[in-house]
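These notes concern the structure reproduced below.
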Amino acid sequence: MSFVGEWDQDRARSLIGCLIKETGFSASQIARRSGLAPSTLTRIYPNPTVGYSLSQQSVAKLRATFPDAFSICETDALPLRSPASDITLKDDPALPVVSKQSGIPVYAASVHFHEESGLAFAEQLELWEADLSRPVAYMAAPFGLGDTERYFVMYIPGEAMEPRFRAGERVLLDRVKPASINADVLIQLRDEAGRSLWTAGRLLARDRNLIEVRQYREQATASIPHGQIKQVFPIIGMIDDNV
């Protein structure tokens, strides 16, 4: 496969996946070493966001930073299977190979555009779509955590939580611990269409009828009725690229 001419998203995603395999770095590490924002790559890999691909300038930076790996990927890159759920442990060297029984599941998410949602607060908050029935990988428990079934990790897919959390970074969540006021939380939403929709924010208030959350980048604030919430998970840490 030769990466020349116009860049579509599938070709860009194949290139990023190949560079990850050849260099041993995560997508965020490759971006930073190339002088790019992590979201330049993470909005395409592992779970692509609609409307994004690589510019020729970004491609040139990747080629200049990783000439040997780029040469291999440019001439002999293997197309990735398109669903993010098909990614195996080998596809992300940042995640150590551990057995499912002893590892914490890692999930990918994509930005869900409010035009596609019937939720009243969708215009205020960035929504994500993520399927917790299909982990993209498993990783060793960080921070000395012992009960791997209690925790899970998710990639941040969008920019709404910047600068606190950036696209492509991984956050650790607790399935058991109740979320306290002023904590950063991930909220699993109820959707009549059966989609697995989520949002994230700082938990500002909570009563018997609703919760109020704020996302950092635009200081967007919205109230979410309890009837539209499945569960609220506190974010208890961020996973470094080297873990």
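Here, A, B, ... name the chains of the structure tokens in the order displayed, residue numbers run from 1 inside each chain, and ligands are numbered from 1 in the same displayed order.
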
* Asked: Hey, what does DSSP flag as strand (DSSP E) within segment 90-215 of chain A? Can you give it to me as an MDAnalysis selection string?
  -> chainID A and resid 104:107 110:112 127:129 137:139 151:155 170:174 184:189 197:206 210:215

* Residue nearest Leu145 of chain A - candidates A:Asp174, A:Glu192, A:Ala205, A:Lys230, atoms counted: only C-alpha atoms -> A:Asp174

Do a neighbour search on Ala130 of chain A at 12 Å with only C-alpha atoms, toss out local chain neighbours closer than 2 positions, and write the hits as a PDB file with C-alpha atoms, in the first residue's frame.
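Heads up, here's the output in result_4.pdb:
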```pdb
ATOM      1  CA  ASN A  47     -11.847   4.352  16.979  1.00  0.00           C
ATOM      2  CA  ALA A  84     -12.415  -0.930  16.832  1.00  0.00           C
ATOM      3  CA  SER A  85     -13.651  -4.041  18.635  1.00  0.00           C
ATOM      4  CA  VAL A 106      -9.874  -1.299  28.217  1.00  0.00           C
ATOM      5  CA  TYR A 107     -12.620   0.196  26.039  1.00  0.00           C
ATOM      6  CA  ALA A 108     -12.589   2.507  23.037  1.00  0.00           C
ATOM      7  CA  ALA A 109     -15.169   5.231  22.473  1.00  0.00           C
ATOM      8  CA  SER A 110     -16.091   7.599  19.667  1.00  0.00           C
ATOM      9  CA  VAL A 111     -17.659  11.057  19.702  1.00  0.00           C
ATOM     10  CA  HIS A 112     -21.418  10.903  19.140  1.00  0.00           C
ATOM     11  CA  LEU A 127     -21.583  12.596  24.011  1.00  0.00           C
ATOM     12  CA  TRP A 128     -19.628   9.406  23.367  1.00  0.00           C
ATOM     13  CA  LEU A 132     -18.719  -2.157  27.338  1.00  0.00           C
ATOM     14  CA  SER A 133     -19.509  -5.676  26.175  1.00  0.00           C
ATOM     15  CA  ARG A 134     -16.457  -5.669  23.874  1.00  0.00           C
ATOM     16  CA  PRO A 135     -13.097  -4.576  25.361  1.00  0.00           C
ATOM     17  CA  VAL A 136     -10.377  -3.686  22.858  1.00  0.00           C
ATOM     18  CA  VAL A 153     -10.308   1.863  31.581  1.00  0.00           C
ATOM     19  CA  MET A 154     -11.611   3.993  28.722  1.00  0.00           C
ATOM     20  CA  TYR A 155      -9.922   6.040  26.023  1.00  0.00           C
ATOM     21  CA  ILE A 156     -11.030   9.682  25.972  1.00  0.00           C
ATOM     22  CA  PRO A 157     -12.339  10.214  22.400  1.00  0.00           C
ATOM     23  CA  LEU A 186     -18.205   9.117  33.379  1.00  0.00           C
ATOM     24  CA  ILE A 187     -21.966   8.775  32.935  1.00  0.00           C
ATOM     25  CA  GLN A 188     -23.643   5.872  31.186  1.00  0.00           C
ATOM     26  CA  LEU A 189     -26.896   7.110  29.637  1.00  0.00           C
ATOM     27  CA  GLY A 194     -30.516   1.046  22.300  1.00  0.00           C
ATOM     28  CA  ARG A 195     -27.199   2.807  21.707  1.00  0.00           C
ATOM     29  CA  SER A 196     -24.475   2.732  24.355  1.00  0.00           C
ATOM     30  CA  LEU A 197     -24.166   6.483  24.958  1.00  0.00           C
ATOM     31  CA  TRP A 198     -21.926   8.170  27.534  1.00  0.00           C
ATOM     32  CA  THR A 199     -20.836  11.590  28.635  1.00  0.00           C
TER      33      THR A 199
END
```

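Our summary of the geometry notes that atom CA of Ile235 of chain A is positioned 19.0 Å from atom CA of Ala137 of chain A.
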
* Apply DSSP to the backbone of this structure and, from segment 99-222 of chain A, keep only the residues in helix (DSSP H, G or I); write these as JSON, numbers by chain. => {"A": [114, 115, 116, 148, 149, 150]}

* To do: Work out how far atom CA of Pro38 of chain A is from atom CA of Ala167 of chain A, in Å to one decimal.
  => 6.9 Å

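Nearest residue to Leu15 of chain A, choosing from A:Leu62, A:Val185, A:Ile229, A:Ala37 and counting only C-alpha atoms: A:Leu62.
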
Got a sec: who's within 6 Å of Arg217 of chain A, counting only C-alpha atoms, leaving out chain neighbours fewer than 6 positions off, as an mmCIF file with N, CA and C atoms, in the first residue's frame?
```cif
data_model
loop_
_atom_site.group_PDB
_atom_site.id
_atom_site.type_symbol
_atom_site.label_atom_id
_atom_site.label_comp_id
_atom_site.auth_asym_id
_atom_site.auth_seq_id
_atom_site.Cartn_x
_atom_site.Cartn_y
_atom_site.Cartn_z
ATOM 1 N N ALA A 160 -13.801 17.637 24.940
ATOM 2 C CA ALA A 160 -14.652 18.385 25.862
ATOM 3 C C ALA A 160 -14.085 18.469 27.269
ATOM 4 N N MET A 161 -13.231 17.506 27.664
ATOM 5 C CA MET A 161 -12.692 17.492 29.028
ATOM 6 C C MET A 161 -11.304 18.123 29.119
ATOM 7 N N GLU A 162 -10.817 18.712 28.030
ATOM 8 C CA GLU A 162 -9.534 19.413 28.075
ATOM 9 C C GLU A 162 -9.643 20.659 28.942
#
```

* So which residues touch Ala222 of chain A within 12 Å, counting only C-alpha atoms, skipping near sequence neighbours fewer than 4 positions away, as a ChimeraX atom specification? -> /A:119-126,199-206,210-215,218
